[in-house]
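Enquirer: I'd like to ask some things about the structure below.
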Amino acid sequence: MRTVGAALTALSFVGVAALAGCSGEGSGDGVSRNAPAASSSAEPAPSPSPTPASGWNPKPGSIAAVGDSITRGFDACSVLADCPEVSWATGSDSLVRSLAVRLLGPAKAVDRSWNHALSGARMAQLPEQMALAAKERPELVTVMMGANDACRDSVRLMTPVADFRASFEASMRQLRAGAPTAQVYVSSVPDLKRLWSTGRLDEGAKKIWSLGVCRSMLADADDLGPAAVARRDAVRDRVVAYNGVLRDVCAKDRHCRYDGGAVFGFRFTGAQLSPWDWFHPSRDGQARLAEIAYRNITAAEPPA
């Protein structure tokens with residue numbers, strides 16, 4: 001089921017540096033509208049009706065997405081390419097049934113959702129994306145950012161937690177300057193160490209990772225020596241710290257809801273990872289992210 005041979009052949013032509021959004025500045029135009037969805041099984045488009053008790057509207061009428069390669073659907077449809085139509089947040093693919101399709105219905109999702117994510121982006125680039133999102137005047141903004149800040153060529157190059165916090169705080173200020181009442185849904189950063197523990201059992205995954213995918217975590221996947229263990233633990237600890245920042249900054253904004261660590265705690269399987277890099281979510285993985293977001297956004301109370 002895994003097209004490892006084809007992946008390795010293709011990657012040898014384009015080079016290691018471009019393999020994953022987590023190691024370079026990425027590909028993609030950063031902005032895309034969705035194509036019409038073919039499915040008729042999505043939830044009917046709801047009318048906005050804020051919950052009086054909490055002030056949180058579980059049925060927003062428009063969505064703007066910001067983030068990195070995960071939200072762009074990178075490597076989900078073909079090797080080394082964005083595939084925004086399968087994005088968990090704004091995609092049109094009938095198998096994924098994105099958050100936009102679930103909340104707005106396929107027809108309205110075309111004109112009332114926007115994807116400003118950029119493959120390879122790190123938290124320092126989020127303020128610019130938030131400014132673009134604010135111009136759309138959306139009722140909901142989804143944020144999934146931080147994996148690239150931990151996925152570097154070495155532990156030393158990971159984004160410091162203080163810088164991560166400063167950039168996220170600046171991003172929220174940027175959004176509020178243009179869209180003061182837009183709701184914000186913040187996804188936690190995935191558990192990269194759990195991804196390593198899943199993929200290291202597959203020889204194809206390790207061959208692909210050896211080309212340069214998320215070296216801080218995935219380099220020398222079979223090395224269980226003290227230095228390698230310490231390196232992976234340092235990356236995981238940094239991701240945990242990033243998620244703490246996302247939680248704390250979000251908690252200070254009355255229109256923001258954090259996922260409670262739901263994405264960090266999700267156990268991706270091989271079927272839910274891209275066959276071309278064993279790192280980014282596949283179509284099935286994107287669908288799982290959409291389910292998590294929909295469940296948390298429509299819940300009466302925020303996740304614990």
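Every chain in the structure tokens takes a letter, A first, then B, and so on in the order presented; its residues are numbered from 1, and the ligands are numbered from 1 following the presented order.
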Can you tell me which residues surround Gly91 in chain A at a distance of at most 8 Å, considering only C-alpha atoms, apart from same-chain residues fewer than 5 positions away, and format the answer as a PyMOL selection string?
Expert: chain A and resi 34-35+84-86+96-101
Enquirer: Find the residues around Asp191 in chain A up to 12 Å (only C-alpha atoms counted), leave out those fewer than 6 positions away in its own chain, and share them as a list of chain:residue names.
Expert: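 My reading of the contact set: A:Gly146, A:Ala147, A:Ala150, A:Cys151, A:Ser197, A:Thr198, A:Met217, A:Arg232, A:Asp233, A:Val235, A:Arg236, A:Asp237, A:Arg238, A:Val239, A:Val240, A:Ala241, A:Tyr242, A:Asn243, A:Gly261, A:Ala262, A:Val263, A:Phe264, A:Gly265, A:Phe266, A:Arg267, A:Phe268, A:Phe279.
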Enquirer: Can you pull out the residues contacting Lys135 in chain A? Cut-off 10 Å, using only C-alpha atoms, and skip same-chain residues under 2 positions away; I want them as a list in words.
Expert: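 The filter keeps Ala64, Met130, Ala131, Leu132, Ala133, Arg137, Pro138, Leu175, Gly178 and Ala179 of chain A.
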Enquirer: Those residues with C-alpha atoms, as a PDB file, in the first residue's frame please?
Expert:
```pdb
ATOM      1  CA  ALA A  64     -10.657  31.464   7.620  1.00  0.00           C
ATOM      2  CA  MET A 130      -3.754  36.599  10.688  1.00  0.00           C
ATOM      3  CA  ALA A 131      -3.780  39.984   8.970  1.00  0.00           C
ATOM      4  CA  LEU A 132      -4.963  38.306   5.761  1.00  0.00           C
ATOM      5  CA  ALA A 133      -7.588  36.337   7.650  1.00  0.00           C
ATOM      6  CA  ARG A 137     -14.067  39.314   8.382  1.00  0.00           C
ATOM      7  CA  PRO A 138     -14.684  35.625   9.206  1.00  0.00           C
ATOM      8  CA  LEU A 175      -6.402  39.536  14.201  1.00  0.00           C
ATOM      9  CA  GLY A 178      -9.179  43.833  11.961  1.00  0.00           C
ATOM     10  CA  ALA A 179     -11.691  41.308  13.318  1.00  0.00           C
TER      11      ALA A 179
END
```
Enquirer: Tell me, in Å to one decimal, how far CA of Lys206 in chain A is from CA of Met158 in chain A.
Expert: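 Between these atoms lies a distance of 22.1 Å.
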Enquirer: Using only C-alpha atoms, which protein or nucleic acid residues come within 12 Å of Leu273 in chain A? Drop anything in the same chain fewer than 6 positions from it, and give the result as a list in words.
Expert: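 Here the answer would be Met1, Arg2, Ile70, Gly73, Phe74, Asp75, Ala76, Cys77, Leu195, Trp196, Thr198, Gly199, Ala205, Arg267, Phe279, His280, Pro281, Ser282, Arg283, Asp284, Gly285, Gln286, Ala287, Arg288 and Leu289 of chain A.
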Enquirer: Excluding Ser113 in chain A and any residue of its chain fewer than 2 positions from it, enumerate the residues within 7 Å of it, using only C-alpha atoms, and give them as a list in words.
Expert: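 These residues fall inside the cut-off: Arg33, Ser62, Ile63, Ala64, Thr90, Ala100, Ala109, Val110, Asp111 and Asn115 of chain A.
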Enquirer: List as a list in words the protein and nucleic acid residues near Ser154 in chain A, meaning an atom at most 8 Å away when only C-alpha atoms are counted, but skip any in the same chain fewer than 3 places from it.
Expert: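 Once the adjacent positions are removed, what remains is Leu157, Met158, Arg215 and Ser216 of chain A.
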Enquirer: When you draw a straight line from CA of Glu128 in chain A to CA of Trp56 in chain A, how long is it in Å?
Expert: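 Calculated distance between CA of Glu128 in chain A and CA of Trp56 in chain A is 25.4 Å.
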Enquirer: Per DSSP on the backbone, what are the alpha helix (DSSP H) residues of range 160-289 of chain A, as a PyMOL selection string?
Expert: chain A and resi 161-178+192-199+203-209+215-218+226-251+262-265+283-289
Enquirer: Among range 97-201 of chain A, which ones does DSSP assign to strand (DSSP E) (computed from the backbone)? Answer as a PyMOL selection string.
Expert: chain A and resi 113-115+140-144+183-186
Enquirer: Would you mind exporting N, CA and C atoms of the selected residues as a compact mmCIF listing (two decimals), in the first residue's frame?
Expert:
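After the write, result.txt holds the following:
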```txt
# COMPACT_ATOMS: atom_id res chain seq x y z
N SER A 113 -15.31 30.31 2.97
CA SER A 113 -14.13 29.80 3.68
C SER A 113 -12.88 30.16 2.88
N TRP A 114 -11.80 30.42 3.61
CA TRP A 114 -10.55 30.87 2.99
C TRP A 114 -9.38 30.18 3.68
N ASN A 115 -8.38 29.79 2.89
CA ASN A 115 -7.21 29.09 3.42
C ASN A 115 -5.97 29.96 3.20
N LEU A 140 -15.16 32.69 12.21
CA LEU A 140 -14.27 31.75 12.88
C LEU A 140 -12.93 31.70 12.17
N VAL A 141 -11.85 31.70 12.96
CA VAL A 141 -10.50 31.52 12.42
C VAL A 141 -9.92 30.26 13.06
N THR A 142 -9.42 29.34 12.25
CA THR A 142 -8.77 28.14 12.78
C THR A 142 -7.25 28.32 12.71
N VAL A 143 -6.58 27.88 13.76
CA VAL A 143 -5.12 28.00 13.86
C VAL A 143 -4.52 26.63 14.12
N MET A 144 -3.60 26.20 13.27
CA MET A 144 -2.80 25.01 13.54
C MET A 144 -1.37 25.34 13.13
N GLN A 183 -14.32 34.51 16.29
CA GLN A 183 -13.93 33.41 17.16
C GLN A 183 -12.66 32.75 16.63
N VAL A 184 -11.88 32.18 17.54
CA VAL A 184 -10.62 31.54 17.17
C VAL A 184 -10.60 30.14 17.76
N TYR A 185 -10.33 29.16 16.90
CA TYR A 185 -10.16 27.78 17.36
C TYR A 185 -8.71 27.41 17.16
N VAL A 186 -8.03 27.04 18.25
CA VAL A 186 -6.60 26.76 18.21
C VAL A 186 -6.36 25.27 18.42
```
Enquirer: Could you pull the residues within 10 Å of range 169-173 of chain A, counting only C-alpha atoms, minus those fewer than 6 positions along the same chain, as a VMD selection string?
Expert: chain A and resid 123 to 131 163 179 to 180 184 245 to 246 249 to 250 253 256
Enquirer: In Å to one decimal, how far is CA of Thr181 in chain A from CA of Asp248 in chain A?
Expert: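 Taking CA of Asp248 in chain A as the start and CA of Thr181 in chain A as the end point, the length is 18.9 Å.
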Enquirer: Out of A:Asp82, A:Val155, A:Phe164, A:Asn57, which residue has the shortest atom-to-atom distance to Arg257 in chain A when counting only C-alpha atoms?
Expert: A:Asn57
